[in-house]
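Visitor: Input file: protein37.cif. Contents: mmCIF, C-alpha atoms.
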data_entry
loop_
_atom_site.label_atom_id
_atom_site.label_comp_id
_atom_site.auth_asym_id
_atom_site.auth_seq_id
_atom_site.Cartn_x
_atom_site.Cartn_y
_atom_site.Cartn_z
CA ALA D 1 187.28 108.83 92.57
CA ILE D 2 184.87 110.52 94.99
CA GLN D 3 183.02 107.32 95.99
CA PRO D 4 185.18 104.35 94.93
CA HIS D 5 182.99 101.88 96.86
CA LEU D 6 180.06 102.38 94.46
CA LEU D 7 179.28 99.88 91.70
CA PHE D 8 177.86 100.92 88.33
CA ASN D 9 176.14 98.67 85.85
CA GLY D 10 176.50 99.12 82.10
CA ARG D 11 173.40 101.31 81.69
CA ASN D 12 175.17 104.63 82.06
CA GLY D 13 176.71 104.48 78.59
CA LEU D 14 179.97 102.99 79.88
CA PRO D 15 181.00 99.34 80.32
CA GLY D 16 180.32 99.55 84.05
CA ASP D 17 181.43 97.18 86.79
CA PHE D 18 178.94 94.49 85.76
CA GLY D 19 176.75 93.72 82.75
CA THR D 20 172.95 93.58 82.77
CA PRO D 21 171.71 92.02 79.52
CA GLU D 22 167.93 92.32 79.33
CA GLY D 23 165.72 89.83 77.51
CA HIS D 24 168.67 87.64 76.54
CA LEU D 25 171.50 85.72 78.20
CA ALA D 26 175.03 86.67 77.22
CA ALA D 27 178.11 86.99 79.39
CA PRO D 28 180.16 90.13 78.61
CA LYS D 29 183.31 89.70 76.55
CA PRO D 30 185.83 90.05 78.06
CA TRP D 31 184.09 88.50 81.04
CA ARG D 32 183.05 90.57 84.03
CA PRO D 33 180.30 89.99 86.60
CA TRP D 34 176.88 90.00 84.95
CA GLU D 35 173.20 89.51 85.64
CA ALA D 36 170.59 88.63 83.02
CA CYS D 37 167.23 90.37 83.48
CA MET D 38 164.41 88.11 82.24
CA THR D 39 160.63 87.93 82.51
CA LEU D 40 158.45 84.86 82.98
CA ASN D 41 156.09 86.03 80.22
CA ASP D 42 156.39 89.00 77.82
CA HIS D 43 155.86 91.79 80.36
CA TRP D 44 157.70 93.17 83.36
CA GLY D 45 154.55 94.39 85.05
CA TYR D 46 151.31 92.49 85.40
CA HIS D 47 149.26 92.17 82.19
CA ARG D 48 146.01 90.27 82.49
CA GLY D 49 146.08 89.30 78.79
CA ASP D 50 149.61 87.85 78.78
CA SER D 51 149.65 84.12 79.51
CA ASN D 52 152.67 83.42 77.30
CA TRP D 53 154.59 81.85 80.16
CA LYS D 54 158.04 80.38 79.77
CA SER D 55 158.06 76.69 80.54
CA PRO D 56 159.87 75.39 83.64
CA ILE D 57 162.40 73.74 81.31
CA GLU D 58 163.15 77.14 79.74
CA VAL D 59 163.83 78.57 83.19
CA VAL D 60 166.11 75.63 84.05
CA LYS D 61 168.01 76.24 80.81
CA MET D 62 168.46 79.88 81.76
CA LEU D 63 169.77 78.92 85.20
CA LEU D 64 172.20 76.40 83.68
CA LYS D 65 173.54 78.97 81.22
CA CYS D 66 173.96 81.61 83.91
CA GLY D 67 175.68 79.10 86.17
CA ALA D 68 178.04 77.86 83.46
CA GLU D 69 179.01 81.42 82.51
CA ARG D 70 179.20 82.62 86.12
CA GLY D 71 176.34 85.06 86.00
CA ASN D 72 173.16 85.77 87.96
CA LEU D 73 169.57 85.40 86.81
CA LEU D 74 167.12 88.14 87.75
CA LEU D 75 163.74 86.54 87.05
CA ASN D 76 160.73 88.84 87.10
CA ILE D 77 157.32 87.49 88.13
CA GLY D 78 155.11 90.55 87.44
CA PRO D 79 152.88 90.69 90.55
CA ARG D 80 149.36 92.13 90.40
CA GLY D 81 148.58 95.56 91.75
CA ASP D 82 147.58 94.12 95.12
CA GLY D 83 150.93 92.31 95.44
CA SER D 84 149.59 88.82 94.71
CA VAL D 85 151.57 86.56 92.40
CA PRO D 86 149.85 85.32 89.21
CA GLU D 87 149.13 81.59 89.33
CA GLY D 88 151.18 81.01 86.17
CA SER D 89 154.27 82.60 87.76
CA ALA D 90 153.79 80.71 91.03
CA GLU D 91 153.50 77.34 89.31
CA ILE D 92 156.72 77.83 87.35
CA VAL D 93 158.70 79.16 90.31
CA ARG D 94 157.57 76.32 92.59
CA LYS D 95 158.47 73.64 90.06
CA VAL D 96 161.91 75.10 89.41
CA GLY D 97 162.38 75.56 93.16
CA ARG D 98 161.76 71.84 93.71
CA TRP D 99 164.28 71.10 90.97
CA LEU D 100 166.89 73.24 92.73
CA ARG D 101 166.28 71.40 96.01
CA GLU D 102 166.49 68.00 94.27
CA GLY D 103 170.00 68.52 92.88
CA GLY D 104 169.70 71.48 90.54
CA GLU D 105 171.45 73.82 92.96
CA GLU D 106 174.67 71.82 92.59
CA ALA D 107 174.42 71.89 88.80
CA VAL D 108 174.14 75.69 88.64
CA GLY D 109 175.95 76.80 91.80
CA ASP D 110 179.73 76.82 92.13
CA VAL D 111 180.34 75.45 88.64
CA GLU D 112 183.09 76.20 86.15
CA PRO D 113 182.94 77.36 82.54
CA MET D 114 183.09 74.50 80.01
CA PRO D 115 183.51 76.39 76.75
CA PHE D 116 183.55 74.89 73.28
CA GLY D 117 183.23 76.28 69.80
CA PRO D 118 181.95 75.00 66.46
CA LEU D 119 185.30 75.19 64.66
CA LEU D 120 188.69 73.72 65.51
CA ARG D 121 189.42 73.04 69.15
CA THR D 122 191.08 75.93 70.93
CA PRO D 123 192.95 76.05 74.26
CA GLY D 124 190.51 75.94 77.16
CA ASP D 125 187.75 74.10 75.27
CA ARG D 126 186.48 71.22 77.41
CA GLY D 127 182.73 71.26 77.03
CA ASP D 128 180.18 69.95 74.55
CA TRP D 129 176.46 69.45 74.07
CA ASP D 130 174.07 66.52 74.13
CA HIS D 131 170.53 66.23 72.81
CA ALA D 132 169.29 64.86 76.14
CA GLY D 133 170.55 67.61 78.44
CA VAL D 134 173.16 70.13 79.57
CA PHE D 135 176.61 69.57 81.06
CA THR D 136 178.14 71.58 83.91
CA ALA D 137 181.11 70.76 86.12
CA SER D 138 182.74 71.50 89.45
CA GLY D 139 186.15 70.12 90.33
CA ASN D 140 186.18 66.44 89.38
CA THR D 141 182.38 66.21 89.18
CA LEU D 142 180.45 66.36 85.92
CA PHE D 143 176.75 67.21 86.14
CA MET D 144 174.25 66.41 83.43
CA THR D 145 170.78 67.85 83.75
CA LEU D 146 168.43 65.60 81.79
CA LEU D 147 166.00 67.99 80.12
CA TYR D 148 164.61 65.20 77.94
CA PHE D 149 164.57 61.68 79.33
CA PRO D 150 166.47 59.38 76.91
CA GLY D 151 164.96 56.05 77.98
CA SER D 152 166.39 53.16 79.93
CA LYS D 153 169.99 53.80 78.82
CA LEU D 154 171.99 56.99 78.57
CA VAL D 155 174.91 56.62 76.16
CA LEU D 156 177.66 59.25 76.17
CA THR D 157 180.71 59.46 73.95
CA GLY D 158 183.72 61.75 73.86
CA LEU D 159 184.48 61.71 77.59
CA GLU D 160 188.18 62.37 78.14
CA MET D 161 188.26 61.09 81.71
CA ARG D 162 187.37 57.96 83.60
CA VAL D 163 184.05 57.90 85.41
CA GLU D 164 184.28 56.30 88.85
CA GLY D 165 180.65 56.59 89.92
CA VAL D 166 177.24 57.87 88.79
CA ASP D 167 174.34 58.88 91.00
CA VAL D 168 171.27 61.12 91.13
CA ALA D 169 170.78 63.50 94.04
CA GLY D 170 168.09 62.14 96.36
CA TRP D 171 167.93 58.88 94.41
CA GLY D 172 171.12 56.90 94.81
CA PRO D 173 173.83 55.29 92.67
CA LEU D 174 173.20 54.13 89.11
CA ALA D 175 174.75 51.18 87.30
CA PHE D 176 177.13 52.13 84.50
CA ALA D 177 179.88 50.79 82.24
CA GLN D 178 182.62 52.68 80.41
CA ARG D 179 184.53 50.98 77.63
CA ASP D 180 185.63 51.54 74.03
CA GLY D 181 184.98 55.28 74.24
CA ARG D 182 181.35 54.88 75.40
CA LEU D 183 179.74 55.43 78.76
CA VAL D 184 176.43 53.60 79.25
CA VAL D 185 174.31 54.49 82.28
CA GLU D 186 171.28 52.42 83.31
CA LEU D 187 168.31 54.67 84.09
CA PRO D 188 165.40 53.31 86.16
CA ASP D 189 161.98 53.77 84.59
CA GLU D 190 160.78 55.63 87.70
CA LEU D 191 163.33 58.38 87.02
CA ALA D 192 161.38 59.39 83.92
CA ALA D 193 158.70 60.94 86.13
CA ARG D 194 161.18 63.26 87.82
CA PHE D 195 161.49 66.77 86.39
CA CYS D 196 164.96 67.37 84.90
CA PRO D 197 166.90 64.90 87.08
CA VAL D 198 170.54 65.82 87.65
CA LEU D 199 173.10 63.06 87.13
CA ARG D 200 176.41 63.38 88.96
CA PHE D 201 179.49 61.72 87.50
CA ALA D 202 182.44 61.31 89.86
CA CYS D 203 185.54 61.47 87.62
CA ASP D 204 189.23 60.73 88.05
CA ARG D 205 190.10 64.29 86.97
CA ALA D 206 188.45 67.52 85.82
CA PRO D 207 185.77 66.61 83.25
CA SER D 208 186.30 67.35 79.59
CA LEU D 209 184.44 66.20 76.46
CA TYR D 210 185.30 66.24 72.80
CA ARG D 211 182.67 65.13 70.31
CA THR D 212 181.60 65.71 66.73
CA GLY D 213 177.83 65.65 66.80
CA GLY D 214 178.03 62.68 69.17
CA MET D 215 180.15 60.62 66.76
CA ARG D 216 183.67 59.37 67.11
CA VAL D 217 186.44 61.93 66.68
CA PRO D 218 188.12 61.69 63.25
CA ALA D 219 191.88 61.39 63.10
CA VAL D 220 192.24 64.58 61.05
CA GLU D 221 191.71 68.22 61.96
CA HIS D 222 188.11 69.19 61.35
CA PRO D 223 185.31 71.60 62.26
CA ARG D 224 183.36 70.17 65.19
CA TYR D 225 179.91 71.27 64.04
CA ASP D 226 178.69 73.92 61.61
CA PRO D 227 181.81 75.62 60.22
CA LEU D 228 179.90 78.72 59.00
CA PRO D 229 179.50 81.89 61.08
CA PRO D 230 175.96 82.41 62.34
CA ASP D 231 173.62 84.44 60.14
CA ILE D 232 173.22 87.08 62.80
CA ALA D 233 176.81 88.18 62.12
CA TYR D 234 175.60 89.44 58.74
CA SER D 235 172.07 90.60 59.53
CA THR D 236 173.26 93.09 62.15
CA ARG D 237 175.33 95.04 59.64
CA LEU D 238 172.76 97.69 58.75
CA ASP D 239 175.20 99.67 56.60
CA ARG D 240 175.41 96.83 54.08
CA PRO D 241 173.26 96.97 50.94
#
What's the structure tokens form of this structure?
Guide:
Amino acid sequence: AIQPHLLFNGRNGLPGDFGTPEGHLAAPKPWRPWEACMTLNDHWGYHRGDSNWKSPIEVVKMLLKCGAERGNLLLNIGPRGDGSVPEGSAEIVRKVGRWLREGGEEAVGDVEPMPFGPLLRTPGDRGDWDHAGVFTASGNTLFMTLLYFPGSKLVLTGLEMRVEGVDVAGWGPLAFAQRDGRLVVELPDELAARFCPVLRFACDRAPSLYRTGGMRVPAVEHPRYDPLPPDIAYSTRLDRP
């Protein structure tokens, strides 16, 4: 009441105006602005014996998750006492920076949540997963960041919209065909050398996907994936015998 312009994070014992999960990525529920605080190795400060660096792909995954859940990523590099940046940190940051300039910024920037759960479909669910990469979306554009190159053809199922064009930022359009519930995109061999290329799908409406482990959708109501609650729901109950 005295200084209403101030913002508090959640580290004062109250929910705060924004969340600051440390060492993990999790948007607050119910949602409010949040920022994940992560390190590139296992220390905040410089430690000469710690070379357990996160891979550039791990950092890209963190950015994609923060983007999809509308959060920020605070990524610590742990400079030395003289202010210089360890070579391991610099290499990771430069590689991820190139990825952002080559299309990654679109995939993590002004994107929208695409939630989905493992059980029955609920209102608002429109996302899904794929073994080759991560989906994000903005308006009528679906982005797919290829974390693991699938080969000369990318085959997607479960798309609930028509795709009108496919391209890669800084590369150009790609040949594709969509029929019988399958989208097949032709990937040039040269694209395999590019770190986490971002495919852009121009769609006829807001993107949505519904899959069951990549298979066709059965005609009966069903759990989408693993119908059991995660084990962590039980292991965190310390008062249980």
Visitor: With distances taken over only C-alpha atoms, which residue among D:Lys61, D:Ala1, D:Ser152, D:Val198 lies nearest D:Val185?
Guide: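 Going through D:Lys61, D:Ala1, D:Ser152, D:Val198 one by one, the smallest distance to D:Val185 is for D:Ser152.
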Visitor: Counting only C-alpha atoms, what are the residues of stretch 1-92 of chain D within 12 Å of stretch 114-129 of chain D, and for each of them which pair of atoms is the nearest and at what distance in Å, to one decimal? Sort the table by chain and rising number, as JSON lines.
Guide:
{"residue": "D:Leu64", "atom": "CA", "partner": "D:Met114", "partner_atom": "CA", "distance": 11.6}
{"residue": "D:Lys65", "atom": "CA", "partner": "D:Met114", "partner_atom": "CA", "distance": 10.6}
{"residue": "D:Gly67", "atom": "CA", "partner": "D:Met114", "partner_atom": "CA", "distance": 10.7}
{"residue": "D:Ala68", "atom": "CA", "partner": "D:Met114", "partner_atom": "CA", "distance": 7.0}
{"residue": "D:Glu69", "atom": "CA", "partner": "D:Met114", "partner_atom": "CA", "distance": 8.4}
{"residue": "D:Arg70", "atom": "CA", "partner": "D:Met114", "partner_atom": "CA", "distance": 10.9}
Visitor: Taking the file as shown, find all residues satisfying the PyMOL selection byres ((chain D and resi 188) around 9) and write them as JSON, numbers by chain.
Guide: {"D": [151, 152, 153, 174, 186, 187, 189, 190, 191, 192]}
Visitor: Hey, what comes out of the PyMOL selection byres ((chain D and resi 200) around 8) on this file? Could you write it as a list in words?
Guide: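 Written out, the selection comes to Thr141, Leu142, Phe143, Met144, Val166, Asp167, Val168, Ala169, Val198, Leu199, Phe201 and Ala202 of chain D.
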Visitor: Which is closer to D:Glu164 than all the others in D:Gly139, D:Arg80, D:Cys203, D:Asp180, using all atoms listed in the file?
Guide: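 Comparing D:Gly139, D:Arg80, D:Cys203, D:Asp180 against D:Glu164, the winner is D:Cys203.
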Visitor: Could you check how far atom CA of D:Asp50 sits from atom CA of D:Met38, in Å to one decimal?
Guide: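 We find that atom CA of D:Asp50 and atom CA of D:Met38 lie 15.2 Å from each other.
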Visitor: Running the PyMOL selection byres ((chain D and resi 20-23) around 7) on this model by hand, what would come out? Give it as an mmCIF file with C-alpha atoms, in the coordinates of the input.
Guide:
data_model
loop_
_atom_site.group_PDB
_atom_site.id
_atom_site.type_symbol
_atom_site.label_atom_id
_atom_site.label_comp_id
_atom_site.auth_asym_id
_atom_site.auth_seq_id
_atom_site.Cartn_x
_atom_site.Cartn_y
_atom_site.Cartn_z
ATOM 1 C CA ASN D 9 176.140 98.670 85.850
ATOM 2 C CA GLY D 10 176.500 99.120 82.100
ATOM 3 C CA PHE D 18 178.940 94.490 85.760
ATOM 4 C CA GLY D 19 176.750 93.720 82.750
ATOM 5 C CA HIS D 24 168.670 87.640 76.540
ATOM 6 C CA LEU D 25 171.500 85.720 78.200
ATOM 7 C CA ALA D 26 175.030 86.670 77.220
ATOM 8 C CA TRP D 34 176.880 90.000 84.950
ATOM 9 C CA GLU D 35 173.200 89.510 85.640
ATOM 10 C CA ALA D 36 170.590 88.630 83.020
ATOM 11 C CA CYS D 37 167.230 90.370 83.480
ATOM 12 C CA MET D 38 164.410 88.110 82.240
#
Visitor: Quick one, how far is atom CA of D:Asp110 from atom CA of D:Met62?
Guide: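 Here the two named atoms are 15.6 Å from each other.
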Visitor: Compare D:Ile2, D:Leu183, D:Ala206, D:Leu40 by their minimum atom-to-atom distance to D:Gly78, counting only C-alpha atoms, and give me the closest one.
Guide: D:Leu40
Visitor: Which one is closest to D:Leu100: D:Ser51, D:Phe195, D:Trp44, D:His5? Count only C-alpha atoms.
Guide: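 Residue with the minimum atom-to-atom distance to D:Leu100: D:Phe195.
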Visitor: List every protein, DNA or RNA residue with an atom no more than 6 Å from (183.9, 59.6, 71.8) in the file's coordinates, counting all atoms listed in the file, and format the result as a list in words.
Guide: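 Checking each residue against the 6 Å limit leaves Thr157, Gly158, Gly181, Arg211 and Arg216 of chain D.
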Visitor: Between atom CA of D:Thr212 and atom CA of D:Arg224, measure the distance and give it in Å to one decimal.
Guide: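 Interatomic distance here is 5.0 Å.
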Visitor: May I ask which of the residues D:Gly170, D:Pro113, D:Gly97, D:Gly81 is the closest one to D:Pro207, counting only C-alpha atoms?
Guide: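 For D:Pro207, the nearest of the given residues is D:Pro113.
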Visitor: Counting only C-alpha atoms, what is within 7 Å of D:Asp204, bar same-chain residues fewer than 3 positions away, as a ChimeraX atom specification?
Guide: /D:140,161-164
